[in-house]
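Student: If you scroll down you'll find the structure; I have some questions about it.
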Amino acid sequence: MVEYLYFVISLLSVLGGASLLLLLTHREGDDLYRLNHISVLFLVVALFAALMQWNLGTRGYLLEGLFGKVLYIDDFALLFDTMFITGTIMTLLINTEYFANRRYFNGEYFALILFSLFGMMLLAHSHELVTAFIALEIASLSVYALVGYHKNNLVSIEAMMKYFTLGSIGGILFLLGSVIIFAATGSTELGAIAQYTHKGSADLTPVIIGATFIMIAVMFKIGAVPFHAWVLDVYEGAPFPVTMFMASTFKIAIFAIALRLYIVDFVPMHGTWTHLLELMAALTMLGGSWLAITQKSLKRMLAGSSIVHSGYMLIAITSIGLGSNIAASAIIFYLIAYFVSSVGAFGILSFISATSRKELTYDDFKGFSERRPYMAAMMAVFMLSLAGFPSTIGFLGKFYIFTAAIESGEFFLAGLGIAMAFVSVYYYFKLIAMIYFYPNKEPQKELVFNSSTLLIILLAAVVVLGGMGSGLIPYMPSADGFIDIATAAVGALGTPLR
Amino acid sequence: MIGLSHYLIISGILFAIGLVGVLRRKNLLMLFFATEIMLNAANVAFAAVSNYYHDLTGQMFAFFIIAVAASEVAVGLGLLIVLYKKFGTLDLDDLASMKG
């Protein structure tokens, strides 16, 4: 029993940290810096515990004597754990100044973020549908409360209202799908479902209906186009650190369970969804691009562009269904690429807005290169990566996705994706143009250098390194390293039983 | 004899009532009621299926779902109080201010 605790150190550390922070919180006069350091301490322990187990080939049920077969550990779950914890550490450390300058933040913010992280990690480890639902709700409920954290700001409350109503419907659809699958297969455990669906003789119609409900819930959470109505308003209304947390970390969380289900359990049903997924991928890319082009506020532009990125991932999901070999690792690589770039882009935005109250628009960045030359260069790197410019990690991410699409014969989707990548150059490069080609009007401020700037530099370095081959710089993990990580994570999911 | 299908039909009807409520109701409190009805439709189905397979796990899930529903209501009612203090109404048409 005790020796199995080794595998749950990261989960326990996050849960323990969240509970401790809840106890340390008072209504007034919390020392936010101290609470921030305590939460980061717990997260660093969790991160090391997760990294220690990476690539040891660990596979098995977590605490089977206690929970049965509901929690599972493998490299796939560990990769997602690592990304979630890294994202949360970045969110907490980059925004140190932001919440120090806002009166409405108190200690509960850290407890809520850690509980949300715990829910996401549980989601990555869950190997059973109702556990996944509960984990999803733990993560979502904390994020709902975080979105409405600025409770004197009408926009913030309205964003929470929209997110809460639509998000809970998404959760219910997931649950409904689980019930139908439970009724059809007699179990909600993923291994048992996989055995049922791969049997060959079984009637799959009820399972397909249930699985479709689950897919719709997933589309709700990633903001694919018929279900995208909430994305822009929620991202705009939420406080900046929360937007950063949602856009980078929470967005990839749902993929943990969706990919596990789609790559292992739903393999025999892939054919039924091909046309639906093709349509949704095309609509998501077109709709997201339209939304991103028309925005003036940078927060809303990035929200729109995150919908486009969901569209690219939907292309990869379609290719998995058509039997492409590299599509599964392509989507994991894309998740890593999107994660790093969006954490960086949102990090810079919230770092800048820490000291100013106004909403950031394109115009606010005029002459930014004169005010903060290094920060401007890094913003340009993140924008290039999000647009998919060569020599950044974002380029390789798109390259693999389109290769997988062409390999599986999805020429139209690949062409549309490339066209939309060109369109995205418009709204990303507009920001770069604002930064570099307009005169500076605001007075020069003193350049600060602290942990936030250091972390942003680190992220920019990862973005550039991830876009280069290993041959260029010896002894440094770069693009090939990330591809190995993605392949190892997909390999851990195992070949489906046939 | 009342069998599994009867329970599932009841569950389906409950779910449909909840869905119509979510789509049609303009009052936020009623909208939250409707989502609760949908969650309970899933509960009924879980309990019925679990009885059909002579397997207690489904009934156990129903308890977990009740707990999740309760915590959702806790967050939701907190939101309602803040909204009512700020806007003085819970009508959805008066609450939307963000456009585009």
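Chain lettering (A, B, ...) mirrors the order of the structure tokens, residue numbering begins at 1 for each chain separately, and ligand numbering begins at 1 in order of display.
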Up to 9 Å from chain A, what residues of chain B turn up? Count only C-alpha atoms and give them as number ranges by chain.

Tutor: B: 19, 22, 28, 31-32, 35, 38-39, 41-43, 45-46, 49-50, 52-53, 55, 57-58, 61, 64-65, 68, 71-72, 75-76, 79-80, 82-83, 86-87, 95-100

Student: Write out as a list in words the residues lying within 9 Å of Asp265 in chain A, counting only C-alpha atoms and excluding same-chain residues fewer than 6 positions away.

Tutor: Leu190, Gly191, Ile193, Ala194, Gln195, Tyr196, Thr197, His198 and Pro496 of chain A

Student: If you run DSSP on the backbone, which residues of chain B are helix (DSSP H, G or I), as number ranges by chain?

Tutor: B: 4-24, 28-52, 57-87, 92-95

Student: Which residue, A:Thr403, A:Ser385, A:Gln53, A:Ser248, has the smallest gap to Ala461 in chain A when you use only C-alpha atoms?

Tutor: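 Comparing A:Thr403, A:Ser385, A:Gln53, A:Ser248 against Ala461 in chain A, the winner is A:Ser385.
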
Student: Identify which of the residues B:Ile66, B:Leu23, B:Ile2, B:Leu56 lies closest to Asn40 in chain B, counting only C-alpha atoms when measuring atom-to-atom distances.

Tutor: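 The answer is B:Ile66, which sits nearest to Asn40 in chain B.
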
Student: I'd like to know which of B:Ala48, B:Leu77, B:Leu92, B:Gln59 is closest to Leu4 in chain B, using only C-alpha atoms.

Tutor: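 Closest to Leu4 in chain B, using only C-alpha atoms: B:Ala48.
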
Student: What gap, in Å, lies between CA of Tyr334 in chain A and CA of Gly397 in chain A?

Tutor: 4.5 Å

Student: I need the residue nearest Phe118 in chain A from this list: A:Val147, A:Leu15, A:Ala489, A:Leu458. Use only C-alpha atoms for the distance.

Tutor: A:Leu15

Student: In Å, rounded to a single decimal, give me how far CA of Thr487 in chain A is from CA of Ser329 in chain A.

Tutor: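 These two atoms are separated by 5.2 Å.
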
Student: Between A:Gly57, A:Gly68, A:Pro241, A:Gly467, single out the one closest to Ala345 in chain A, counting only C-alpha atoms.

Tutor: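 Smallest separation from Ala345 in chain A among the options: A:Pro241.
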
Student: One decimal, in Å: what's the spacing between CA of Ala419 in chain A and CA of Thr249 in chain A?

Tutor: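 Calculated distance between CA of Ala419 in chain A and CA of Thr249 in chain A is 27.0 Å.
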